[in-house]
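Coordinates from run16.txt are shown below (compact mmCIF, C-alpha atoms (C1' of nucleotides)).
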```
# COMPACT_ATOMS: atom_id res chain seq x y z
CA LEU W 30 84.53 70.01 -52.40
CA PHE W 31 85.63 69.74 -48.77
CA ILE W 32 86.70 73.37 -48.89
CA GLY W 33 83.38 74.45 -50.39
CA ASN W 34 81.45 72.47 -47.82
CA SER W 35 83.51 73.94 -45.01
CA LEU W 36 82.83 77.42 -46.35
CA ILE W 37 79.08 76.77 -46.37
CA ASP W 38 79.35 75.57 -42.79
CA MET W 39 81.48 78.50 -41.70
CA TYR W 40 79.23 81.17 -43.25
CA ALA W 41 76.14 79.49 -41.86
CA LYS W 42 77.62 79.34 -38.36
CA CYS W 43 78.34 83.06 -38.60
CA GLY W 44 74.72 83.65 -39.53
CA TYR W 45 75.72 84.74 -43.03
CA LEU W 46 73.19 82.65 -44.90
CA ALA W 47 73.44 84.60 -48.13
CA GLY W 48 77.14 83.74 -48.26
CA ALA W 49 76.49 80.09 -47.47
CA HIS W 50 73.90 79.91 -50.19
CA ALA W 51 76.15 81.67 -52.69
CA VAL W 52 78.96 79.17 -52.06
CA PHE W 53 76.49 76.31 -52.41
CA GLN W 54 75.25 77.68 -55.73
CA GLY W 55 78.76 78.24 -56.96
CA LEU W 56 79.92 74.68 -56.36
CA SER W 57 80.40 72.74 -59.57
CA VAL W 58 80.19 69.48 -57.66
CA ARG W 59 78.02 68.99 -54.60
CA ASP W 60 77.42 66.07 -52.28
CA VAL W 61 75.18 65.15 -49.37
CA VAL W 62 77.40 67.11 -46.99
CA SER W 63 76.92 70.30 -49.05
CA TRP W 64 73.15 69.90 -48.76
CA THR W 65 73.24 68.99 -45.11
CA SER W 66 75.49 71.91 -44.24
CA LEU W 67 73.00 74.25 -45.87
CA ILE W 68 70.08 72.63 -44.06
CA VAL W 69 71.87 72.96 -40.73
CA GLY W 70 72.69 76.56 -41.56
CA TYR W 71 69.05 77.46 -42.15
CA SER W 72 67.99 75.52 -39.11
CA ASP W 73 70.52 77.13 -36.78
CA CYS W 74 69.43 80.55 -37.97
CA GLY W 75 65.81 79.76 -37.21
CA GLN W 76 64.85 79.40 -40.88
CA PHE W 77 63.28 76.02 -40.38
CA LYS W 78 60.92 76.25 -43.31
CA GLU W 79 63.82 76.89 -45.68
CA ALA W 80 65.69 73.97 -44.13
CA VAL W 81 62.79 71.66 -44.86
CA ASP W 82 62.48 73.09 -48.39
CA CYS W 83 66.11 72.14 -48.99
CA TYR W 84 65.43 68.62 -47.85
CA ASP W 85 62.47 68.43 -50.22
CA GLN W 86 64.59 69.54 -53.16
CA MET W 87 67.37 67.00 -52.63
CA PRO W 88 65.74 63.96 -54.22
CA CYS W 89 64.55 66.05 -57.16
CA VAL W 90 68.14 66.61 -58.18
CA GLY W 91 69.36 63.15 -57.37
CA TYR W 92 70.69 63.33 -53.81
CA SER W 93 69.68 60.87 -51.14
CA PRO W 94 69.53 62.19 -47.57
CA ASN W 95 71.70 60.23 -45.13
CA THR W 96 71.32 59.85 -41.36
CA VAL W 97 72.76 63.27 -40.63
CA THR W 98 70.52 64.97 -43.19
CA LEU W 99 67.43 63.24 -41.88
CA MET W 100 68.26 64.10 -38.31
CA CYS W 101 68.77 67.78 -39.11
CA THR W 102 65.52 67.83 -41.02
CA LEU W 103 63.67 66.25 -38.12
CA LYS W 104 65.02 68.95 -35.87
CA ALA W 105 63.62 71.60 -38.20
CA CYS W 106 60.27 69.79 -38.30
CA GLY W 107 60.12 69.83 -34.51
CA ASN W 108 60.86 73.51 -34.35
CA ILE W 109 58.11 74.51 -36.75
CA GLU W 110 55.80 71.87 -35.32
CA ALA W 111 55.29 70.23 -38.67
CA PRO W 112 54.24 66.70 -37.76
CA ASP W 113 53.18 65.85 -41.32
CA LYS W 114 56.64 66.53 -42.65
CA GLY W 115 58.12 64.84 -39.59
CA LEU W 116 56.10 61.74 -40.31
CA GLN W 117 57.28 61.78 -43.90
CA VAL W 118 60.88 61.88 -42.70
CA HIS W 119 60.09 59.10 -40.23
CA ARG W 120 58.86 56.93 -43.11
CA GLU W 121 62.03 57.57 -45.06
CA ILE W 122 64.07 56.61 -41.99
CA VAL W 123 62.21 53.32 -41.70
CA LEU W 124 62.55 52.72 -45.43
CA LYS W 125 66.29 53.23 -45.26
CA GLY W 126 66.66 51.10 -42.14
CA PHE W 127 68.00 53.96 -40.00
CA GLU W 128 65.60 53.52 -37.08
CA ASN W 129 68.17 51.85 -34.90
CA ASP W 130 70.57 54.75 -35.08
CA ASN W 131 70.42 56.22 -31.60
CA HIS W 132 70.94 59.80 -32.67
CA ILE W 133 68.13 59.44 -35.18
CA ALA W 134 65.82 57.79 -32.68
CA ASN W 135 66.48 60.48 -30.08
CA THR W 136 65.80 63.25 -32.56
CA LEU W 137 62.67 61.51 -33.76
CA MET W 138 61.36 61.32 -30.21
CA ASP W 139 62.17 64.99 -29.66
CA MET W 140 60.38 65.94 -32.88
CA TYR W 141 57.19 64.16 -31.78
CA PHE W 142 57.32 65.83 -28.38
CA LYS W 143 57.81 69.25 -29.93
CA CYS W 144 54.86 68.61 -32.23
CA GLY W 145 52.74 67.63 -29.25
CA LEU W 146 52.41 64.01 -30.35
CA ILE W 147 53.23 62.61 -26.94
CA ALA W 148 51.98 59.10 -27.64
CA SER W 149 54.14 58.79 -30.77
CA ALA W 150 57.12 60.09 -28.85
CA GLU W 151 56.61 57.50 -26.16
CA VAL W 152 56.39 54.72 -28.72
CA VAL W 153 59.76 55.81 -30.08
CA PHE W 154 61.15 55.97 -26.55
CA ASP W 155 60.03 52.44 -25.76
CA LYS W 156 61.63 51.14 -28.93
CA LEU W 157 64.94 52.96 -28.46
CA PRO W 158 67.92 50.73 -29.11
CA VAL W 159 69.70 52.37 -26.18
CA GLN W 160 68.18 54.72 -23.65
CA ASP W 161 71.01 57.12 -22.99
CA LEU W 162 71.17 60.32 -20.97
CA ILE W 163 70.07 62.39 -23.94
CA SER W 164 67.01 60.18 -24.46
CA LEU W 165 66.06 60.74 -20.85
CA ASN W 166 66.64 64.48 -21.10
CA ILE W 167 64.40 64.63 -24.16
CA LEU W 168 61.78 62.72 -22.19
CA LEU W 169 62.08 65.18 -19.31
CA ALA W 170 61.81 68.20 -21.57
CA GLY W 171 58.91 66.63 -23.43
CA HIS W 172 56.99 65.90 -20.27
CA LEU W 173 57.54 69.42 -19.09
CA GLU W 174 55.10 70.65 -21.72
CA LYS W 175 52.15 68.42 -21.02
CA CYS W 176 52.59 66.84 -17.62
CA SER W 177 52.58 68.11 -14.09
CA GLY W 178 55.84 69.12 -12.49
CA LYS W 179 55.48 66.18 -10.15
CA GLU W 180 55.63 63.67 -12.99
CA VAL W 181 58.72 65.32 -14.42
CA LEU W 182 60.37 65.23 -11.02
CA ALA W 183 59.48 61.57 -10.64
CA CYS W 184 61.22 61.02 -13.97
CA PHE W 185 64.24 62.99 -12.77
CA GLN W 186 64.52 60.89 -9.64
CA HIS W 187 63.89 57.68 -11.53
CA MET W 188 66.80 58.30 -13.87
CA GLN W 189 69.16 58.85 -10.96
CA HIS W 190 68.09 55.57 -9.43
CA ASN W 191 68.88 53.89 -12.70
CA GLY W 192 72.46 55.06 -12.56
CA PHE W 193 72.26 58.13 -14.80
CA ALA W 194 73.95 61.21 -13.40
CA ALA W 195 71.77 64.17 -14.26
CA ASP W 196 73.68 66.70 -16.31
CA LEU W 197 73.17 70.40 -17.00
CA ALA W 198 70.19 69.85 -19.27
CA SER W 199 68.47 67.47 -16.85
CA SER W 200 69.00 69.93 -14.03
CA VAL W 201 67.35 72.75 -15.94
CA CYS W 202 64.35 70.54 -16.63
CA ALA W 203 64.07 69.56 -12.99
CA VAL W 204 64.18 73.18 -11.85
CA LYS W 205 61.54 74.15 -14.40
CA ALA W 206 59.36 71.30 -13.18
CA CYS W 207 59.58 72.65 -9.62
CA THR W 208 58.76 76.13 -10.85
CA LYS W 209 55.75 74.79 -12.71
CA SER W 210 54.38 72.79 -9.82
CA GLY W 211 55.26 75.36 -7.17
CA ASP W 212 57.28 72.78 -5.30
CA ILE W 213 59.62 74.83 -3.13
CA SER W 214 61.08 72.02 -1.06
CA THR W 215 61.96 69.84 -4.05
CA GLY W 216 63.29 72.95 -5.74
CA LYS W 217 65.73 73.41 -2.89
CA GLU W 218 66.72 69.75 -3.10
CA VAL W 219 67.41 70.11 -6.79
CA HIS W 220 69.39 73.25 -6.02
CA ALA W 221 71.47 71.26 -3.51
CA TYR W 222 72.10 68.63 -6.17
CA ILE W 223 73.20 71.37 -8.56
CA LEU W 224 75.65 72.78 -6.02
CA LYS W 225 76.98 69.32 -5.25
CA SER W 226 77.52 68.65 -8.95
CA GLY W 227 79.21 71.98 -9.54
CA PHE W 228 76.56 73.11 -12.04
CA ASP W 229 75.73 76.34 -10.24
CA GLN W 230 77.97 78.54 -12.37
CA ASP W 231 76.33 77.41 -15.57
CA LEU W 232 74.22 80.18 -17.05
CA PRO W 233 71.12 78.23 -18.13
CA VAL W 234 71.07 76.38 -14.82
CA ALA W 235 71.50 79.55 -12.78
CA ASN W 236 68.90 81.40 -14.84
CA SER W 237 66.36 78.67 -14.24
CA LEU W 238 67.08 78.85 -10.50
CA ILE W 239 66.72 82.64 -10.43
CA ASP W 240 63.45 82.33 -12.29
CA MET W 241 62.21 79.68 -9.89
CA TYR W 242 63.05 81.64 -6.74
CA GLY W 243 61.66 84.78 -8.31
CA LYS W 244 58.34 83.11 -9.03
CA PHE W 245 58.23 81.70 -5.51
CA GLY W 246 58.76 85.19 -4.15
CA LEU W 247 62.06 84.13 -2.58
CA LEU W 248 63.93 87.16 -3.77
CA VAL W 249 66.80 86.77 -1.34
CA GLU W 250 67.57 83.30 -2.68
CA ALA W 251 67.22 84.56 -6.23
CA GLU W 252 69.68 87.32 -5.53
CA ASP W 253 72.15 84.92 -3.94
CA VAL W 254 72.24 82.87 -7.11
CA PHE W 255 72.49 86.04 -9.19
CA ASP W 256 75.35 87.43 -7.11
CA SER W 257 77.29 84.18 -7.23
CA LEU W 258 77.53 84.31 -11.01
CA PRO W 259 80.84 85.38 -12.52
CA ILE W 260 79.14 85.98 -15.87
CA ARG W 261 75.57 87.02 -16.49
CA SER W 262 73.29 87.34 -19.47
C1' U C 26 84.09 68.71 -44.57
C1' A C 27 77.91 68.31 -42.04
C1' G C 28 74.66 65.80 -37.09
C1' U C 29 70.69 64.77 -31.47
C1' U C 30 68.38 67.22 -25.57
C1' A C 31 68.13 72.02 -21.49
C1' C C 32 67.96 78.56 -19.65
C1' U C 33 65.13 84.31 -18.09
C1' A C 34 61.69 88.81 -18.30
C1' C C 35 57.99 91.09 -21.42
C1' A C 36 54.67 89.54 -25.19
C1' U C 37 51.84 85.47 -27.53
```

Final structure tokens representation of the file:
Amino acid sequence: LFIGNSLIDMYAKCGYLAGAHAVFQGLSVRDVVSWTSLIVGYSDCGQFKEAVDCYDQMPCVGYSPNTVTLMCTLKACGNIEAPDKGLQVHREIVLKGFENDNHIANTLMDMYFKCGLIASAEVVFDKLPVQDLISLNILLAGHLEKCSGKEVLACFQHMQHNGFAADLASSVCAVKACTKSGDISTGKEVHAYILKSGFDQDLPVANSLIDMYGKFGLLVEAEDVFDSLPIRS
RNA sequence: UAGUUACUACAU
């Protein structure tokens, strides 16, 4: 069974969904991991609807989704902006007493943000068992959609004051917030922070900086970042 | 053996 499950995972990670599905079908014995691996496979390949369909089928054949399954399903719900299904998963999480799992709670919050249900996301945030760096990054990314760049930047600064060191993901959000609000001076401050933290060679971070400088018309700065990259996409 | 957040242009 472990071998079969690993094969599903391997094929799915290679984008060979037909193979993953064939292995799944061919298994004489399956477990929750088999199902979850398939769900993750669909999800990672952008087939979110199929991922959710898998989740729906599980109970019909006697399998009960665990925390990992539910989290992966929530992720799919967020990506297709299916709040109804997301809410259904949320209810199952509550029913099973999984709400205090931090990974689950973080993913739940992210799902609500992605579905545009900001108020629900904030309720989840306030009830988080632990507010970790990932929770804060999800909050930053979520606010980026609906709020002004200024509010996102306030968030970014607030987390640093509370002893969280912004990581790559937080930095990207902060840069995007500056781009959105046209805030050149804060953008340069964030850039300084990125250099100080040694994040400047990271592709997503650098790309967000190039985009920001490009949109500000600061083509020289944009080119400097571009030229400093050892690898480009 | 499976699991959570972030990146560009163009287009929408």

Return the neighbours of chain C among the residues of chain W, cut-off 6 Å, counting all atoms listed in the file, as a JSON list (two decimals) with C-alpha atoms, in the coordinates of the input.
```json
[["chain", "number", "residue", "atom", "x", "y", "z"],
["W", 31, "PHE", "CA", 85.63, 69.74, -48.77],
["W", 34, "ASN", "CA", 81.45, 72.47, -47.82],
["W", 35, "SER", "CA", 83.51, 73.94, -45.01],
["W", 62, "VAL", "CA", 77.40, 67.11, -46.99],
["W", 65, "THR", "CA", 73.24, 68.99, -45.11],
["W", 66, "SER", "CA", 75.49, 71.91, -44.24],
["W", 97, "VAL", "CA", 72.76, 63.27, -40.63],
["W", 132, "HIS", "CA", 70.94, 59.80, -32.67],
["W", 136, "THR", "CA", 65.80, 63.25, -32.56],
["W", 163, "ILE", "CA", 70.07, 62.39, -23.94],
["W", 166, "ASN", "CA", 66.64, 64.48, -21.10],
["W", 167, "ILE", "CA", 64.40, 64.63, -24.16],
["W", 198, "ALA", "CA", 70.19, 69.85, -19.27],
["W", 201, "VAL", "CA", 67.35, 72.75, -15.94],
["W", 233, "PRO", "CA", 71.12, 78.23, -18.13],
["W", 236, "ASN", "CA", 68.90, 81.40, -14.84],
["W", 237, "SER", "CA", 66.36, 78.67, -14.24]]
```

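Among W:Glu174, W:Asp130, W:Glu218, W:Asp229, the residue with the shortest atom-to-atom distance to Gln160 (chain W), counting only C-alpha atoms, is W:Asp130.
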
Hey, which of W:Phe142, W:Trp64, W:Phe185, W:Tyr222 ends up closest to Ser93 (chain W)? Count all atoms listed in the file. W:Trp64

For Tyr242 (chain W), which of W:His187, W:Lys114, W:Lys205, W:Lys179 is the closest residue, counting all atoms listed in the file?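 Between W:His187, W:Lys114, W:Lys205, W:Lys179, the residue approaching Tyr242 (chain W) most closely is W:Lys205.
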
Between CA of Phe255 (chain W) and CA of His220 (chain W), what is the distance, to one decimal in Å? 13.5 Å

Quick one, how far is CA of Ala105 (chain W) from CA of Glu79 (chain W)? 9.2 Å
